[in-house]
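Quick look at structure.cif (mmCIF, C-alpha atoms):
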data_protein
#
loop_
_atom_site.group_PDB
_atom_site.id
_atom_site.type_symbol
_atom_site.label_atom_id
_atom_site.label_comp_id
_atom_site.auth_asym_id
_atom_site.auth_seq_id
_atom_site.Cartn_x
_atom_site.Cartn_y
_atom_site.Cartn_z
ATOM 1 C CA MET A 1 67.878 38.417 -31.283
ATOM 2 C CA SER A 2 64.515 36.740 -30.948
ATOM 3 C CA GLY A 3 63.566 36.789 -34.619
ATOM 4 C CA GLU A 4 60.343 38.626 -33.875
ATOM 5 C CA SER A 5 59.813 41.793 -35.841
ATOM 6 C CA PRO A 6 57.193 44.483 -35.299
ATOM 7 C CA TYR A 7 57.085 44.856 -39.091
ATOM 8 C CA LEU A 8 55.443 41.844 -40.660
ATOM 9 C CA ASP A 9 55.757 42.694 -44.334
ATOM 10 C CA HIS A 10 59.002 44.720 -44.521
ATOM 11 C CA GLY A 11 57.638 46.744 -47.435
ATOM 12 C CA HIS A 12 56.970 43.831 -49.763
ATOM 13 C CA SER A 13 53.819 45.289 -51.268
ATOM 14 C CA PRO A 14 52.677 46.786 -54.551
ATOM 15 C CA ALA A 15 52.475 50.183 -52.825
ATOM 16 C CA ALA A 16 56.088 50.034 -51.660
ATOM 17 C CA TRP A 17 57.428 48.735 -54.966
ATOM 18 C CA THR A 18 55.544 51.350 -56.976
ATOM 19 C CA GLY A 19 56.704 54.211 -54.762
ATOM 20 C CA VAL A 20 60.326 53.073 -54.813
ATOM 21 C CA GLY A 21 60.235 52.520 -58.585
ATOM 22 C CA ILE A 22 58.994 56.044 -59.205
ATOM 23 C CA CYS A 23 61.635 57.452 -56.842
ATOM 24 C CA MET A 24 64.368 55.512 -58.645
ATOM 25 C CA VAL A 25 63.312 56.877 -62.038
ATOM 26 C CA GLY A 26 63.294 60.374 -60.531
ATOM 27 C CA SER A 27 66.773 59.857 -59.103
ATOM 28 C CA LEU A 28 68.037 58.681 -62.478
ATOM 29 C CA LEU A 29 66.616 61.801 -64.139
ATOM 30 C CA ILE A 30 68.299 63.992 -61.514
ATOM 31 C CA ALA A 31 71.606 62.235 -62.183
ATOM 32 C CA PHE A 32 71.269 62.785 -65.939
ATOM 33 C CA GLY A 33 70.284 66.391 -65.342
ATOM 34 C CA VAL A 34 73.392 67.010 -63.248
ATOM 35 C CA TYR A 35 75.656 65.225 -65.721
ATOM 36 C CA PHE A 36 74.305 67.013 -68.784
ATOM 37 C CA GLY A 37 73.701 70.340 -67.042
ATOM 38 C CA ASN A 38 69.980 70.263 -67.796
ATOM 39 C CA GLU A 39 67.953 71.965 -65.065
ATOM 40 C CA LEU A 40 64.650 70.777 -66.504
ATOM 41 C CA LEU A 41 65.632 67.135 -65.918
ATOM 42 C CA ASP A 42 66.603 68.028 -62.345
ATOM 43 C CA ILE A 43 63.216 69.597 -61.694
ATOM 44 C CA ILE A 44 61.276 66.735 -63.286
ATOM 45 C CA GLY A 45 63.339 64.208 -61.326
ATOM 46 C CA ALA A 46 62.755 66.046 -58.041
ATOM 47 C CA VAL A 47 59.014 66.122 -58.700
ATOM 48 C CA LEU A 48 59.068 62.381 -59.401
ATOM 49 C CA VAL A 49 61.006 61.634 -56.218
ATOM 50 C CA VAL A 50 58.495 63.521 -54.090
ATOM 51 C CA GLY A 51 55.609 62.099 -56.125
ATOM 52 C CA GLY A 52 56.870 58.552 -55.610
ATOM 53 C CA GLY A 53 56.631 58.973 -51.858
ATOM 54 C CA VAL A 54 53.137 60.384 -52.155
ATOM 55 C CA VAL A 55 52.004 57.616 -54.528
ATOM 56 C CA GLY A 56 53.373 54.912 -52.224
ATOM 57 C CA TRP A 57 51.663 56.465 -49.220
ATOM 58 C CA LEU A 58 48.337 56.868 -51.038
ATOM 59 C CA MET A 59 48.423 53.306 -52.358
ATOM 60 C CA GLY A 60 49.182 52.053 -48.849
ATOM 61 C CA LYS A 61 46.204 53.967 -47.525
ATOM 62 C CA ALA A 62 44.066 52.474 -50.309
ATOM 63 C CA ASN A 63 44.847 48.966 -48.965
ATOM 64 C CA ARG A 64 47.391 48.107 -51.643
ATOM 65 C CA ARG A 65 49.586 46.540 -48.987
ATOM 66 C CA SER A 66 50.562 42.912 -48.760
ATOM 67 C CA ALA A 67 48.469 40.334 -46.927
ATOM 68 C CA ALA A 68 50.974 40.261 -44.052
ATOM 69 C CA ALA A 69 50.297 43.920 -43.309
ATOM 70 C CA HIS A 70 46.675 43.049 -42.598
ATOM 71 C CA GLY A 71 47.534 40.335 -40.090
ATOM 72 C CA SER A 72 46.409 37.364 -42.177
ATOM 73 C CA MET A 73 49.807 35.763 -41.748
ATOM 74 C CA ASP A 74 49.389 35.490 -37.954
ATOM 75 C CA SER A 75 47.684 32.093 -38.193
ATOM 76 C CA GLU A 76 50.626 30.705 -40.181
ATOM 77 C CA ARG A 77 53.304 31.870 -37.748
ATOM 78 C CA LYS A 78 54.965 29.184 -35.675
ATOM 79 C CA PRO A 79 54.974 29.600 -31.892
ATOM 80 C CA ALA A 80 58.369 30.410 -30.387
#
Please, can you express the file's structure as structure tokens?
Amino acid sequence: MSGESPYLDHGHSPAAWTGVGICMVGSLLIAFGVYFGNELLDIIGAVLVVGGGVVGWLMGKANRRSAAAHGSMDSERKPA
């Protein structure tokens, strides 16, 4: 393995963290809804899971990605 990766930031960005955080809260609500037999929690959790993906994508499109995603880290990379 050469150590080179086509993905420079590996999702370490405010957009990725926000999207994943929302999805995790939605998943927790779905779990509580299943455990307690509450369909409303299941529906709210499912909406949050889908919404988390949309929020992460929109934030990424709004340039809320890390500096590495924009290529500014290329000058700091060591030659192989």
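Evaluating the PyMOL selection byres ((chain A and resi 19) around 8) against the shown model yields Ala15, Ala16, Trp17, Thr18, Val20, Gly21, Ile22, Cys23, Gly52, Gly53, Val54, Val55, Gly56 and Trp57 of chain A.
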- Message: Just to confirm, what's the straight-line distance from atom CA of Ile44 of chain A to atom CA of Met24 of chain A in Å (one decimal)?
- Response: 12.5 Å
- List, as a PyMOL selection string, every residue that the PyMOL selection byres ((chain A and resi 43) around 12) selects in the file provided. chain A and resi 26-34+37-42+44-50
For segment 34-47 of chain A, write all heavy atoms out as an mmCIF file, in the first residue's frame.
data_model
loop_
_atom_site.group_PDB
_atom_site.id
_atom_site.type_symbol
_atom_site.label_atom_id
_atom_site.label_comp_id
_atom_site.auth_asym_id
_atom_site.auth_seq_id
_atom_site.Cartn_x
_atom_site.Cartn_y
_atom_site.Cartn_z
ATOM 1 N N VAL A 34 -38.924 1.800 18.520
ATOM 2 C CA VAL A 34 -39.122 0.352 18.415
ATOM 3 C C VAL A 34 -39.265 -0.264 19.798
ATOM 4 O O VAL A 34 -40.135 -1.100 20.040
ATOM 5 C CB VAL A 34 -37.954 -0.294 17.629
ATOM 6 C CG1 VAL A 34 -37.983 -1.802 17.746
ATOM 7 C CG2 VAL A 34 -38.002 0.129 16.173
ATOM 8 N N TYR A 35 -38.408 0.165 20.724
ATOM 9 C CA TYR A 35 -38.441 -0.413 22.073
ATOM 10 C C TYR A 35 -39.757 -0.109 22.788
ATOM 11 O O TYR A 35 -40.336 -0.984 23.427
ATOM 12 C CB TYR A 35 -37.262 0.120 22.887
ATOM 13 C CG TYR A 35 -37.192 -0.457 24.270
ATOM 14 C CD1 TYR A 35 -36.735 -1.750 24.476
ATOM 15 C CD2 TYR A 35 -37.596 0.287 25.372
ATOM 16 C CE1 TYR A 35 -36.681 -2.292 25.751
ATOM 17 C CE2 TYR A 35 -37.541 -0.238 26.647
ATOM 18 C CZ TYR A 35 -37.088 -1.532 26.835
ATOM 19 O OH TYR A 35 -37.039 -2.064 28.089
ATOM 20 N N PHE A 36 -40.213 1.135 22.688
ATOM 21 C CA PHE A 36 -41.420 1.532 23.396
ATOM 22 C C PHE A 36 -42.694 1.356 22.572
ATOM 23 O O PHE A 36 -43.795 1.622 23.059
ATOM 24 C CB PHE A 36 -41.317 2.993 23.861
ATOM 25 C CG PHE A 36 -40.278 3.206 24.926
ATOM 26 C CD1 PHE A 36 -39.166 3.992 24.690
ATOM 27 C CD2 PHE A 36 -40.404 2.613 26.174
ATOM 28 C CE1 PHE A 36 -38.208 4.194 25.661
ATOM 29 C CE2 PHE A 36 -39.458 2.804 27.159
ATOM 30 C CZ PHE A 36 -38.348 3.589 26.906
ATOM 31 N N GLY A 37 -42.562 0.926 21.330
ATOM 32 C CA GLY A 37 -43.724 0.721 20.480
ATOM 33 C C GLY A 37 -44.401 2.016 20.063
ATOM 34 O O GLY A 37 -45.613 2.048 19.857
ATOM 35 N N ASN A 38 -43.621 3.072 19.913
ATOM 36 C CA ASN A 38 -44.154 4.382 19.569
ATOM 37 C C ASN A 38 -43.828 4.683 18.103
ATOM 38 O O ASN A 38 -42.684 4.957 17.750
ATOM 39 C CB ASN A 38 -43.543 5.445 20.484
ATOM 40 C CG ASN A 38 -44.195 6.794 20.338
ATOM 41 O OD1 ASN A 38 -44.813 7.086 19.326
ATOM 42 N ND2 ASN A 38 -44.045 7.604 21.369
ATOM 43 N N GLU A 39 -44.857 4.637 17.256
ATOM 44 C CA GLU A 39 -44.638 4.857 15.827
ATOM 45 C C GLU A 39 -44.244 6.295 15.514
ATOM 46 O O GLU A 39 -43.532 6.543 14.536
ATOM 47 C CB GLU A 39 -45.887 4.479 15.039
ATOM 48 C CG GLU A 39 -46.173 3.002 15.039
ATOM 49 C CD GLU A 39 -47.429 2.655 14.257
ATOM 50 O OE1 GLU A 39 -47.961 3.533 13.560
ATOM 51 O OE2 GLU A 39 -47.850 1.496 14.345
ATOM 52 N N LEU A 40 -44.685 7.237 16.311
ATOM 53 C CA LEU A 40 -44.333 8.630 16.068
ATOM 54 C C LEU A 40 -42.820 8.842 16.187
ATOM 55 O O LEU A 40 -42.221 9.556 15.370
ATOM 56 C CB LEU A 40 -45.078 9.548 17.039
ATOM 57 C CG LEU A 40 -44.837 11.045 16.860
ATOM 58 C CD1 LEU A 40 -45.275 11.497 15.472
ATOM 59 C CD2 LEU A 40 -45.555 11.828 17.937
ATOM 60 N N LEU A 41 -42.201 8.223 17.192
ATOM 61 C CA LEU A 41 -40.742 8.324 17.324
ATOM 62 C C LEU A 41 -40.040 7.698 16.132
ATOM 63 O O LEU A 41 -38.997 8.199 15.680
ATOM 64 C CB LEU A 41 -40.266 7.660 18.619
ATOM 65 C CG LEU A 41 -40.482 8.436 19.916
ATOM 66 C CD1 LEU A 41 -39.972 7.626 21.100
ATOM 67 C CD2 LEU A 41 -39.794 9.782 19.862
ATOM 68 N N ASP A 42 -40.575 6.591 15.619
ATOM 69 C CA ASP A 42 -39.992 5.953 14.440
ATOM 70 C C ASP A 42 -40.031 6.888 13.241
ATOM 71 O O ASP A 42 -39.053 7.011 12.499
ATOM 72 C CB ASP A 42 -40.731 4.662 14.094
ATOM 73 C CG ASP A 42 -40.517 3.567 15.131
ATOM 74 O OD1 ASP A 42 -39.482 3.598 15.822
ATOM 75 O OD2 ASP A 42 -41.385 2.683 15.229
ATOM 76 N N ILE A 43 -41.151 7.540 13.048
ATOM 77 C CA ILE A 43 -41.301 8.444 11.902
ATOM 78 C C ILE A 43 -40.384 9.657 12.044
ATOM 79 O O ILE A 43 -39.696 10.044 11.092
ATOM 80 C CB ILE A 43 -42.774 8.865 11.751
ATOM 81 C CG1 ILE A 43 -43.617 7.657 11.361
ATOM 82 C CG2 ILE A 43 -42.920 9.998 10.733
ATOM 83 C CD1 ILE A 43 -45.108 7.883 11.432
ATOM 84 N N ILE A 44 -40.353 10.247 13.229
ATOM 85 C CA ILE A 44 -39.480 11.403 13.455
ATOM 86 C C ILE A 44 -38.016 11.007 13.268
ATOM 87 O O ILE A 44 -37.230 11.733 12.644
ATOM 88 C CB ILE A 44 -39.714 12.001 14.854
ATOM 89 C CG1 ILE A 44 -41.114 12.603 14.937
ATOM 90 C CG2 ILE A 44 -38.651 13.045 15.190
ATOM 91 C CD1 ILE A 44 -41.518 13.024 16.334
ATOM 92 N N GLY A 45 -37.636 9.847 13.778
ATOM 93 C CA GLY A 45 -36.264 9.375 13.617
ATOM 94 C C GLY A 45 -35.908 9.132 12.164
ATOM 95 O O GLY A 45 -34.810 9.488 11.711
ATOM 96 N N ALA A 46 -36.831 8.557 11.390
ATOM 97 C CA ALA A 46 -36.567 8.312 9.972
ATOM 98 C C ALA A 46 -36.406 9.622 9.213
ATOM 99 O O ALA A 46 -35.533 9.752 8.341
ATOM 100 C CB ALA A 46 -37.689 7.483 9.371
ATOM 101 N N VAL A 47 -37.220 10.608 9.555
ATOM 102 C CA VAL A 47 -37.096 11.923 8.919
ATOM 103 C C VAL A 47 -35.742 12.548 9.255
ATOM 104 O O VAL A 47 -35.080 13.143 8.392
ATOM 105 C CB VAL A 47 -38.267 12.844 9.335
ATOM 106 C CG1 VAL A 47 -38.015 14.279 8.922
ATOM 107 C CG2 VAL A 47 -39.574 12.339 8.758
#
